[in-house]
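Engineer: My structure file entry.cif, mmCIF, C-alpha atoms, is below:
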```
data_query
#
loop_
_atom_site.label_atom_id
_atom_site.label_comp_id
_atom_site.auth_asym_id
_atom_site.auth_seq_id
_atom_site.Cartn_x
_atom_site.Cartn_y
_atom_site.Cartn_z
CA MET A 4 -10.08 -26.05 -5.41
CA ILE A 5 -8.54 -22.61 -4.86
CA LEU A 6 -9.38 -19.43 -6.80
CA LEU A 7 -6.36 -17.14 -7.25
CA LEU A 8 -6.66 -13.57 -8.44
CA SER A 9 -4.72 -10.34 -8.04
CA ASP A 10 -4.93 -6.57 -8.20
CA VAL A 11 -8.50 -5.94 -7.08
CA HIS A 12 -7.82 -2.24 -6.46
CA CYS A 13 -10.93 -1.66 -4.31
CA ARG A 14 -13.31 -3.29 -6.81
CA TYR A 15 -14.38 -5.88 -4.25
CA ASP A 16 -17.49 -6.93 -6.17
CA VAL A 17 -15.19 -8.41 -8.83
CA ILE A 18 -14.13 -11.14 -6.38
CA ASP A 19 -17.61 -12.60 -6.05
CA ARG A 20 -18.32 -12.13 -9.74
CA GLN A 21 -15.24 -14.13 -10.63
CA LEU A 22 -16.12 -16.65 -7.92
CA ALA A 23 -19.51 -17.22 -9.54
CA HIS A 24 -17.83 -17.80 -12.89
CA ALA A 25 -15.19 -20.06 -11.33
CA THR A 26 -17.83 -22.18 -9.61
CA ASP A 27 -19.49 -22.83 -12.96
CA GLU A 28 -16.16 -23.28 -14.73
CA ALA A 29 -14.86 -25.79 -12.21
CA GLY A 30 -18.06 -27.79 -11.97
CA GLY A 31 -17.36 -28.17 -8.29
CA GLU A 32 -16.74 -26.45 -5.01
CA ILE A 33 -14.24 -23.62 -4.51
CA SER A 34 -12.81 -23.91 -0.99
CA ASP A 35 -10.79 -20.68 -0.72
CA ILE A 36 -9.92 -17.44 -2.49
CA LEU A 37 -6.38 -16.04 -2.57
CA VAL A 38 -5.85 -12.38 -3.50
CA LEU A 39 -2.22 -11.81 -4.43
CA GLY A 40 -1.90 -8.18 -3.42
CA ASP A 41 -3.44 -4.80 -4.16
CA PHE A 42 -6.71 -5.88 -2.60
CA GLY A 43 -7.29 -2.21 -1.87
CA LEU A 44 -7.21 -1.99 1.91
CA PHE A 45 -8.68 1.51 2.16
CA GLU A 46 -11.27 2.46 4.77
CA PRO A 47 -13.62 4.61 2.62
CA PHE A 48 -14.06 1.91 -0.01
CA MET A 49 -14.22 -1.02 2.41
CA LYS A 50 -16.71 0.73 4.67
CA ARG A 51 -18.93 1.62 1.74
CA PHE A 52 -18.93 -1.90 0.31
CA PHE A 53 -18.72 -4.20 3.34
CA HIS A 54 -20.52 -2.21 6.03
CA LYS A 55 -22.88 0.27 4.42
CA GLY A 56 -23.49 -1.91 1.40
CA GLU A 57 -23.42 -5.13 3.44
CA GLY A 58 -21.21 -6.74 0.82
CA ARG A 59 -19.78 -10.15 1.65
CA LEU A 60 -17.35 -12.52 -0.05
CA GLY A 61 -18.75 -15.92 -0.87
CA LYS A 62 -15.79 -18.03 0.28
CA PRO A 63 -13.01 -17.69 2.86
CA THR A 64 -10.77 -15.01 1.33
CA HIS A 65 -7.10 -14.49 2.18
CA PHE A 66 -4.77 -11.79 0.92
CA ILE A 67 -1.16 -10.68 0.90
CA GLU A 68 -0.26 -7.01 0.75
CA GLY A 69 0.63 -5.35 -2.52
CA ASN A 70 1.89 -1.80 -2.83
CA HIS A 71 -1.55 -0.19 -3.16
CA GLU A 72 -2.88 -0.55 0.39
CA ASP A 73 -3.30 1.93 3.26
CA PHE A 74 -0.12 1.08 5.15
CA VAL A 75 -0.64 3.86 7.69
CA ASN A 76 -3.80 2.14 8.96
CA PHE A 77 -2.99 -1.36 7.74
CA ASP A 78 -3.04 -3.25 11.06
CA ARG A 79 -6.20 -1.52 12.25
CA LEU A 80 -8.02 -2.29 9.01
CA VAL A 81 -6.90 -5.94 9.02
CA GLU A 82 -8.39 -6.30 12.49
CA ARG A 83 -11.55 -4.33 11.72
CA TYR A 84 -12.40 -6.36 8.63
CA ARG A 85 -11.20 -9.78 9.77
CA ASP A 86 -14.76 -11.10 9.35
CA VAL A 87 -14.42 -10.30 5.64
CA ILE A 88 -10.84 -11.10 4.68
CA THR A 89 -7.77 -12.65 6.32
CA HIS A 90 -4.29 -11.21 5.92
CA LEU A 91 -1.44 -13.68 5.42
CA PRO A 92 1.60 -11.95 6.95
CA ARG A 93 4.81 -11.73 5.00
CA SER A 94 7.26 -14.65 5.33
CA THR A 95 4.77 -17.10 6.85
CA VAL A 96 3.45 -20.49 5.73
CA HIS A 97 -0.27 -21.36 5.83
CA THR A 98 -2.26 -24.36 4.69
CA ILE A 99 -4.89 -23.03 2.28
CA GLY A 100 -7.29 -25.54 0.76
CA GLY A 101 -4.90 -28.28 1.82
CA VAL A 102 -1.91 -26.62 0.09
CA PRO A 103 1.09 -25.45 2.17
CA THR A 104 1.56 -21.88 0.99
CA LEU A 105 4.34 -19.35 1.60
CA ALA A 106 3.01 -15.78 1.74
CA LEU A 107 5.36 -13.05 0.54
CA GLY A 108 3.55 -9.76 0.09
CA GLY A 109 5.17 -6.49 -0.95
CA VAL A 110 7.23 -5.40 -3.93
CA CYS A 111 10.67 -4.36 -5.05
CA TYR A 112 11.03 -0.59 -4.57
CA MET A 113 9.85 1.58 -7.45
CA ASP A 114 8.96 5.10 -6.33
CA ALA A 115 7.32 6.87 -3.41
CA HIS A 116 3.96 7.21 -5.19
CA THR A 117 3.52 3.52 -5.92
CA THR A 118 5.69 1.93 -3.23
CA PRO A 119 5.20 3.20 0.34
CA LEU A 120 8.04 2.28 2.69
CA ARG A 121 6.15 -0.58 4.37
CA ALA A 122 5.37 -2.14 0.99
CA GLU A 123 9.01 -2.75 0.13
CA ILE A 124 10.36 -6.30 0.43
CA ARG A 125 13.50 -6.14 2.56
CA PRO A 126 16.39 -8.58 3.14
CA GLU A 127 15.02 -9.46 6.59
CA ASP A 128 11.79 -10.66 4.94
CA ILE A 129 13.84 -13.12 2.89
CA ASP A 130 15.78 -14.16 6.01
CA ARG A 131 12.52 -14.96 7.83
CA CYS A 132 11.46 -17.15 4.90
CA LEU A 133 14.76 -19.03 5.07
CA ALA A 134 14.28 -19.60 8.81
CA LEU A 135 11.20 -21.70 8.05
CA PRO A 136 11.57 -25.48 7.61
CA PRO A 137 13.05 -26.41 4.21
CA GLY A 138 10.49 -27.72 1.74
CA SER A 139 7.58 -26.59 3.93
CA ALA A 140 5.71 -24.82 1.10
CA ASP A 141 4.53 -26.30 -2.19
CA LEU A 142 3.07 -22.99 -3.39
CA VAL A 143 4.61 -19.52 -3.10
CA ILE A 144 2.35 -16.49 -3.52
CA SER A 145 3.86 -13.04 -3.92
CA HIS A 146 2.70 -9.72 -5.25
CA ASP A 147 5.85 -8.88 -7.18
CA CYS A 148 7.50 -11.44 -9.45
CA PRO A 149 10.66 -13.38 -8.68
CA ALA A 150 13.79 -11.99 -10.28
CA ASP A 151 15.35 -13.46 -13.41
CA ILE A 152 12.44 -15.52 -14.70
CA GLY A 153 11.83 -13.52 -17.89
CA VAL A 154 9.21 -10.96 -16.80
CA ARG A 155 9.78 -7.74 -18.74
CA ASN A 156 9.03 -4.15 -17.81
CA GLU A 157 6.20 -2.32 -19.49
CA SER A 158 7.23 0.38 -21.95
CA GLY A 159 8.34 3.47 -20.06
CA PHE A 160 9.27 1.60 -16.87
CA GLY A 161 12.76 0.51 -17.87
CA HIS A 162 14.41 3.12 -15.64
CA TYR A 163 13.16 1.18 -12.59
CA GLY A 164 15.49 -1.68 -13.47
CA PRO A 165 14.73 -5.36 -14.12
CA PRO A 166 11.46 -6.65 -12.57
CA GLY A 167 11.58 -8.84 -9.50
CA PHE A 168 13.07 -8.75 -6.03
CA ALA A 169 16.38 -9.98 -4.66
CA GLY A 170 16.65 -13.23 -2.73
CA THR A 171 14.18 -15.25 -4.75
CA GLY A 172 16.86 -17.74 -5.77
CA LYS A 173 17.48 -18.52 -2.10
CA ILE A 174 13.75 -19.07 -1.56
CA LEU A 175 13.62 -21.45 -4.52
CA ASP A 176 16.58 -23.44 -3.23
CA HIS A 177 15.11 -23.57 0.29
CA PHE A 178 11.51 -24.53 -0.50
CA GLN A 179 11.75 -26.04 -3.99
CA PRO A 180 8.09 -25.14 -4.60
CA ARG A 181 6.11 -26.67 -7.42
CA LEU A 182 4.26 -23.39 -8.09
CA TRP A 183 4.99 -19.68 -7.67
CA VAL A 184 2.08 -17.37 -8.50
CA PHE A 185 2.29 -13.55 -8.52
CA GLY A 186 0.46 -10.42 -9.67
CA HIS A 187 1.52 -6.74 -9.79
CA HIS A 188 2.55 -6.67 -13.45
CA HIS A 189 -1.06 -6.74 -14.71
CA ARG A 190 -0.57 -9.40 -17.37
CA TRP A 191 -0.49 -13.14 -17.84
CA PHE A 192 2.86 -14.89 -17.55
CA ASP A 193 3.66 -18.60 -17.59
CA THR A 194 6.99 -20.40 -17.63
CA THR A 195 8.61 -23.40 -15.94
CA ILE A 196 12.23 -23.32 -14.74
CA ASP A 197 13.99 -26.21 -12.97
CA GLY A 198 10.73 -27.84 -11.94
CA THR A 199 8.95 -24.73 -10.64
CA ARG A 200 6.10 -23.23 -12.63
CA PHE A 201 5.97 -19.43 -12.43
CA PHE A 202 2.56 -17.97 -13.16
CA GLY A 203 1.65 -14.28 -13.37
CA LEU A 204 -1.90 -12.97 -13.03
CA PRO A 205 -3.49 -9.92 -14.67
CA GLN A 206 -5.92 -7.56 -12.91
CA SER A 207 -8.80 -9.35 -11.24
CA TRP A 208 -11.36 -8.18 -13.78
CA VAL A 209 -9.36 -9.69 -16.67
CA GLY A 210 -9.11 -13.26 -15.39
CA TYR A 211 -8.01 -15.61 -12.65
CA ALA A 212 -6.43 -19.01 -12.02
CA LEU A 213 -7.84 -22.19 -10.50
CA LEU A 214 -5.65 -24.56 -8.52
CA ALA A 215 -7.32 -27.96 -8.66
CA ASP A 216 -7.18 -30.64 -6.00
CA ASN A 217 -4.83 -32.66 -8.22
CA GLY A 218 -2.33 -29.78 -8.20
CA GLU A 219 -2.99 -28.57 -11.74
CA LEU A 220 -3.16 -24.80 -12.25
CA HIS A 221 -5.53 -23.50 -14.91
CA ARG A 222 -5.65 -20.07 -16.54
CA ILE A 223 -9.17 -18.67 -16.90
CA ASP A 224 -9.69 -15.68 -19.17
CA HIS A 225 -12.86 -13.92 -18.06
CA SER A 226 -13.20 -10.18 -18.55
CA LEU A 227 -15.66 -8.13 -16.52
CA PRO A 228 -16.83 -4.57 -17.23
CA ARG A 229 -15.49 -2.02 -14.76
CA GLN A 230 -15.55 1.67 -14.01
CA ARG A 231 -12.38 3.47 -15.03
CA ARG A 232 -10.95 4.85 -11.81
CA SER A 233 -7.25 5.40 -11.30
CA TRP A 234 -5.05 4.58 -8.32
CA PHE A 235 -4.43 8.29 -7.87
CA ASP A 236 -8.17 8.79 -7.46
CA PHE A 237 -8.14 6.11 -4.75
CA LEU A 238 -5.25 7.88 -3.03
CA ARG A 239 -6.85 11.32 -3.23
CA ARG A 240 -10.21 10.18 -1.88
CA SER A 241 -8.73 8.12 0.94
CA ARG A 242 -6.68 11.09 2.11
CA GLN A 243 -9.77 13.30 2.14
CA SER A 244 -11.73 10.87 4.33
#
```
Any chance you could give the structure as structure tokens?
Structural biologist:
Amino acid sequence: MILLLSDVHCRYDVIDRQLAHATDEAGGEISDILVLGDFGLFEPFMKRFFHKGEGRLGKPTHFIEGNHEDFVNFDRLVERYRDVITHLPRSTVHTIGGVPTLALGGVCYMDAHTTPLRAEIRPEDIDRCLALPPGSADLVISHDCPADIGVRNESGFGHYGPPGFAGTGKILDHFQPRLWVFGHHHRWFDTTIDGTRFFGLPQSWVGYALLADNGELHRIDHSLPRQRRSWFDFLRRSRQS
């Protein structure tokens, strides 16, 4: 059984707290954890939690990049903390908990504050997906949502255009996945179109999903208390380190 959550934003303790709840909820063993972007790959926070605080994650944990990561030091941090978390590179397929999974981190461009250049999904990322064997992934995980599935912008974000990134129709035709799970939009979403179930996750401290061995995906609402710290505070403190 796989635990899926998104948008951790440097609150790494939330992962194990949701894992503990998921273990009780499932009544069985969780094999892997998938973080669907915005893990919070920032040295000051990771060093404080994983090295100085000796924090550890209770199950093998894999992540795709969101738009809130340190992309300047991304490769170095992935290597430095590979004993803690495993990065699934964009446009690659991995077998996670027995499920062939296409990883597609990144987002559609919004603005320079929330979408660094390396975070943007580009046409060549889609092309690399299409170069993989057809039908080779049963699950697609992305940070941003696919285009044209009914996800709406939050109030005040309409000037960014419709949510989702281009090329998702080609990916659907190529892989015909049974499930596509995403984060980024910080709210639950659930719809099925032409045989593919599209499922959006909220922030990690609001809830998570469980993918059972029989292929069923379950929404779990489980809110955790958290400190109120903004992304801009993360950015300011990481730049000062």
Engineer: Evaluate the PyMOL selection byres ((chain A and resi 104) around 8) here and jot the selected residues down as a PDB file with C-alpha atoms, in the coordinates of the input.
Structural biologist:
```
ATOM      1  CA  VAL A  96       3.450 -20.490   5.730  1.00  0.00           C
ATOM      2  CA  HIS A  97      -0.270 -21.360   5.830  1.00  0.00           C
ATOM      3  CA  THR A  98      -2.260 -24.360   4.690  1.00  0.00           C
ATOM      4  CA  ILE A  99      -4.890 -23.030   2.280  1.00  0.00           C
ATOM      5  CA  VAL A 102      -1.910 -26.620   0.090  1.00  0.00           C
ATOM      6  CA  PRO A 103       1.090 -25.450   2.170  1.00  0.00           C
ATOM      7  CA  LEU A 105       4.340 -19.350   1.600  1.00  0.00           C
ATOM      8  CA  ALA A 106       3.010 -15.780   1.740  1.00  0.00           C
ATOM      9  CA  ALA A 140       5.710 -24.820   1.100  1.00  0.00           C
ATOM     10  CA  ASP A 141       4.530 -26.300  -2.190  1.00  0.00           C
ATOM     11  CA  LEU A 142       3.070 -22.990  -3.390  1.00  0.00           C
ATOM     12  CA  VAL A 143       4.610 -19.520  -3.100  1.00  0.00           C
ATOM     13  CA  ILE A 144       2.350 -16.490  -3.520  1.00  0.00           C
TER      14      ILE A 144
END
```
Engineer: Just want the 12 Å neighbourhood of Arg83 in chain A, counted on only C-alpha atoms, with same-chain residues fewer than 3 positions away dropped. Output as number ranges by chain.
Structural biologist: A: 44-46, 49-50, 53-54, 76-80, 86-90
Engineer: Quick one: write out the picked residues with C-alpha atoms as a PDB file, in the coordinates of the input?
Structural biologist:
```pdb
ATOM      1  CA  LEU A  44      -7.210  -1.990   1.910  1.00  0.00           C
ATOM      2  CA  PHE A  45      -8.680   1.510   2.160  1.00  0.00           C
ATOM      3  CA  GLU A  46     -11.270   2.460   4.770  1.00  0.00           C
ATOM      4  CA  MET A  49     -14.220  -1.020   2.410  1.00  0.00           C
ATOM      5  CA  LYS A  50     -16.710   0.730   4.670  1.00  0.00           C
ATOM      6  CA  PHE A  53     -18.720  -4.200   3.340  1.00  0.00           C
ATOM      7  CA  HIS A  54     -20.520  -2.210   6.030  1.00  0.00           C
ATOM      8  CA  ASN A  76      -3.800   2.140   8.960  1.00  0.00           C
ATOM      9  CA  PHE A  77      -2.990  -1.360   7.740  1.00  0.00           C
ATOM     10  CA  ASP A  78      -3.040  -3.250  11.060  1.00  0.00           C
ATOM     11  CA  ARG A  79      -6.200  -1.520  12.250  1.00  0.00           C
ATOM     12  CA  LEU A  80      -8.020  -2.290   9.010  1.00  0.00           C
ATOM     13  CA  ASP A  86     -14.760 -11.100   9.350  1.00  0.00           C
ATOM     14  CA  VAL A  87     -14.420 -10.300   5.640  1.00  0.00           C
ATOM     15  CA  ILE A  88     -10.840 -11.100   4.680  1.00  0.00           C
ATOM     16  CA  THR A  89      -7.770 -12.650   6.320  1.00  0.00           C
ATOM     17  CA  HIS A  90      -4.290 -11.210   5.920  1.00  0.00           C
TER      18      HIS A  90
END
```
Engineer: Which residues, written as a list in words, have at least one atom at most 6 Å from range 36-41 of chain A, with all atoms listed in the file counted and residues fewer than 2 positions away on the same chain left out?
Structural biologist: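 Answer for this query is Ile5, Leu6, Leu7, Leu8, Ser9, Asp10, Val11, His12, Gly43, Thr64, His65, Phe66, Ile67, Glu68, Gly69, His71 and His146 of chain A.
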Engineer: Go ahead and save the residues from that selection, with C-alpha atoms, as a PDB file, in the frame of the given file.
Structural biologist:
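File out.pdb, as written:
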```
ATOM      1  CA  ILE A   5      -8.540 -22.610  -4.860  1.00  0.00           C
ATOM      2  CA  LEU A   6      -9.380 -19.430  -6.800  1.00  0.00           C
ATOM      3  CA  LEU A   7      -6.360 -17.140  -7.250  1.00  0.00           C
ATOM      4  CA  LEU A   8      -6.660 -13.570  -8.440  1.00  0.00           C
ATOM      5  CA  SER A   9      -4.720 -10.340  -8.040  1.00  0.00           C
ATOM      6  CA  ASP A  10      -4.930  -6.570  -8.200  1.00  0.00           C
ATOM      7  CA  VAL A  11      -8.500  -5.940  -7.080  1.00  0.00           C
ATOM      8  CA  HIS A  12      -7.820  -2.240  -6.460  1.00  0.00           C
ATOM      9  CA  GLY A  43      -7.290  -2.210  -1.870  1.00  0.00           C
ATOM     10  CA  THR A  64     -10.770 -15.010   1.330  1.00  0.00           C
ATOM     11  CA  HIS A  65      -7.100 -14.490   2.180  1.00  0.00           C
ATOM     12  CA  PHE A  66      -4.770 -11.790   0.920  1.00  0.00           C
ATOM     13  CA  ILE A  67      -1.160 -10.680   0.900  1.00  0.00           C
ATOM     14  CA  GLU A  68      -0.260  -7.010   0.750  1.00  0.00           C
ATOM     15  CA  GLY A  69       0.630  -5.350  -2.520  1.00  0.00           C
ATOM     16  CA  HIS A  71      -1.550  -0.190  -3.160  1.00  0.00           C
ATOM     17  CA  HIS A 146       2.700  -9.720  -5.250  1.00  0.00           C
TER      18      HIS A 146
END
```
Engineer: Taking only C-alpha atoms into account, which of A:Lys173, A:Arg51, A:Arg155, A:Arg190 comes nearest Arg131 in chain A?
Structural biologist: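 Between A:Lys173, A:Arg51, A:Arg155, A:Arg190, the residue approaching Arg131 in chain A most closely is A:Lys173.
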Engineer: Give me, as a Markdown table, each residue of range 34-104 of chain A that comes within 10 Å of range 22-29 of chain A, together with its shortest interatomic pair and the distance in Å at one decimal, counting all atoms listed in the file, with rows ordered by chain and rising residue number.
Structural biologist:
```
| residue | atom | partner | partner_atom | distance |
| --- | --- | --- | --- | --- |
| A:Asp35 | CA | A:Leu22 | CA | 9.8 |
| A:Ile36 | CA | A:Leu22 | CA | 8.3 |
| A:Leu60 | CA | A:Leu22 | CA | 9.0 |
| A:Gly61 | CA | A:Leu22 | CA | 7.6 |
| A:Lys62 | CA | A:Leu22 | CA | 8.3 |
```
Engineer: With all atoms listed in the file as the basis for distance, which of A:His116, A:His225, A:Arg85, A:His177 is at the shortest distance from Pro137 in chain A?
Structural biologist: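 Once distances to Pro137 in chain A are computed over all atoms listed in the file, the minimum belongs to A:His177.
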Engineer: Rounded to one decimal in Å, what is the spacing between CA of Tyr15 in chain A and CA of Trp191 in chain A?
Structural biologist: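 Result for CA of Tyr15 in chain A versus CA of Trp191 in chain A: 20.7 Å, one decimal.
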Engineer: Please enumerate the residues selected by the PyMOL selection byres ((chain A and resi 166-168) around 12) when evaluated against the supplied file, formatted as a CSV table (one decimal) with C-alpha atoms, in the coordinates of the input.
Structural biologist:
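Here's the written file part-v6.csv:
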```
chain,number,residue,atom,x,y,z
A,107,LEU,CA,5.4,-13.0,0.5
A,108,GLY,CA,3.6,-9.8,0.1
A,109,GLY,CA,5.2,-6.5,-1.0
A,110,VAL,CA,7.2,-5.4,-3.9
A,111,CYS,CA,10.7,-4.4,-5.0
A,112,TYR,CA,11.0,-0.6,-4.6
A,113,MET,CA,9.8,1.6,-7.4
A,123,GLU,CA,9.0,-2.8,0.1
A,124,ILE,CA,10.4,-6.3,0.4
A,125,ARG,CA,13.5,-6.1,2.6
A,126,PRO,CA,16.4,-8.6,3.1
A,128,ASP,CA,11.8,-10.7,4.9
A,129,ILE,CA,13.8,-13.1,2.9
A,145,SER,CA,3.9,-13.0,-3.9
A,146,HIS,CA,2.7,-9.7,-5.2
A,147,ASP,CA,5.8,-8.9,-7.2
A,148,CYS,CA,7.5,-11.4,-9.4
A,149,PRO,CA,10.7,-13.4,-8.7
A,150,ALA,CA,13.8,-12.0,-10.3
A,151,ASP,CA,15.4,-13.5,-13.4
A,152,ILE,CA,12.4,-15.5,-14.7
A,153,GLY,CA,11.8,-13.5,-17.9
A,154,VAL,CA,9.2,-11.0,-16.8
A,155,ARG,CA,9.8,-7.7,-18.7
A,156,ASN,CA,9.0,-4.2,-17.8
A,157,GLU,CA,6.2,-2.3,-19.5
A,160,PHE,CA,9.3,1.6,-16.9
A,161,GLY,CA,12.8,0.5,-17.9
A,162,HIS,CA,14.4,3.1,-15.6
A,163,TYR,CA,13.2,1.2,-12.6
A,164,GLY,CA,15.5,-1.7,-13.5
A,165,PRO,CA,14.7,-5.4,-14.1
A,169,ALA,CA,16.4,-10.0,-4.7
A,170,GLY,CA,16.6,-13.2,-2.7
A,171,THR,CA,14.2,-15.2,-4.8
A,172,GLY,CA,16.9,-17.7,-5.8
A,173,LYS,CA,17.5,-18.5,-2.1
A,174,ILE,CA,13.8,-19.1,-1.6
A,185,PHE,CA,2.3,-13.6,-8.5
A,186,GLY,CA,0.5,-10.4,-9.7
A,187,HIS,CA,1.5,-6.7,-9.8
A,188,HIS,CA,2.6,-6.7,-13.4
A,203,GLY,CA,1.6,-14.3,-13.4
```
Engineer: Residues at most 10 Å from Thr195 in chain A, counting all atoms listed in the file, excluding those fewer than 2 positions away in the same chain, as a VMD selection string?
Structural biologist: chain A and resid 152 181 to 183 193 197 to 202
Engineer: When you count all atoms listed in the file, which of these residues is closest to Met4 in chain A: A:Gln21, A:Thr194, A:Ser34, A:Thr118?
Structural biologist: A:Ser34
Engineer: What does the distance from CA of Pro63 in chain A to CA of Gly138 in chain A come to in Å, to one decimal?
Structural biologist: 25.6 Å
Engineer: Could you jot down the CA of Arg14 in chain A to CA of Ile223 in chain A separation for me, Å, one decimal place?
Structural biologist: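 Atom-to-atom, CA of Arg14 in chain A to CA of Ile223 in chain A, that is 18.9 Å.
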Engineer: Compile the contact shell of Ser226 in chain A as a PyMOL selection string: residues with an atom at most 8 Å away, counting all atoms listed in the file, same-chain residues fewer than 4 positions apart removed.
Structural biologist: chain A and resi 208-210
Engineer: Please write the residues from the selection above to a file, keeping C-alpha atoms, as a PDB file, in the coordinates of the input.
Structural biologist:
```pdb
ATOM      1  CA  TRP A 208     -11.360  -8.180 -13.780  1.00  0.00           C
ATOM      2  CA  VAL A 209      -9.360  -9.690 -16.670  1.00  0.00           C
ATOM      3  CA  GLY A 210      -9.110 -13.260 -15.390  1.00  0.00           C
TER       4      GLY A 210
END
```
Engineer: For the file shown, report as a list in words the outcome of the PyMOL selection byres ((chain A and resi 217) around 12) at residue level.
Structural biologist: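 Residues picked by the PyMOL selection byres ((chain A and resi 217) around 12): Met4, Ile5, Gly100, Gly101, Val102, Leu213, Leu214, Ala215, Asp216, Gly218, Glu219, Leu220 and His221 of chain A.
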Engineer: Of the candidates A:Leu133, A:Asp19, A:Asn70, A:Leu227, which shows the shortest atom-to-atom distance to Asp176 in chain A, using all atoms listed in the file?
Structural biologist: A:Leu133
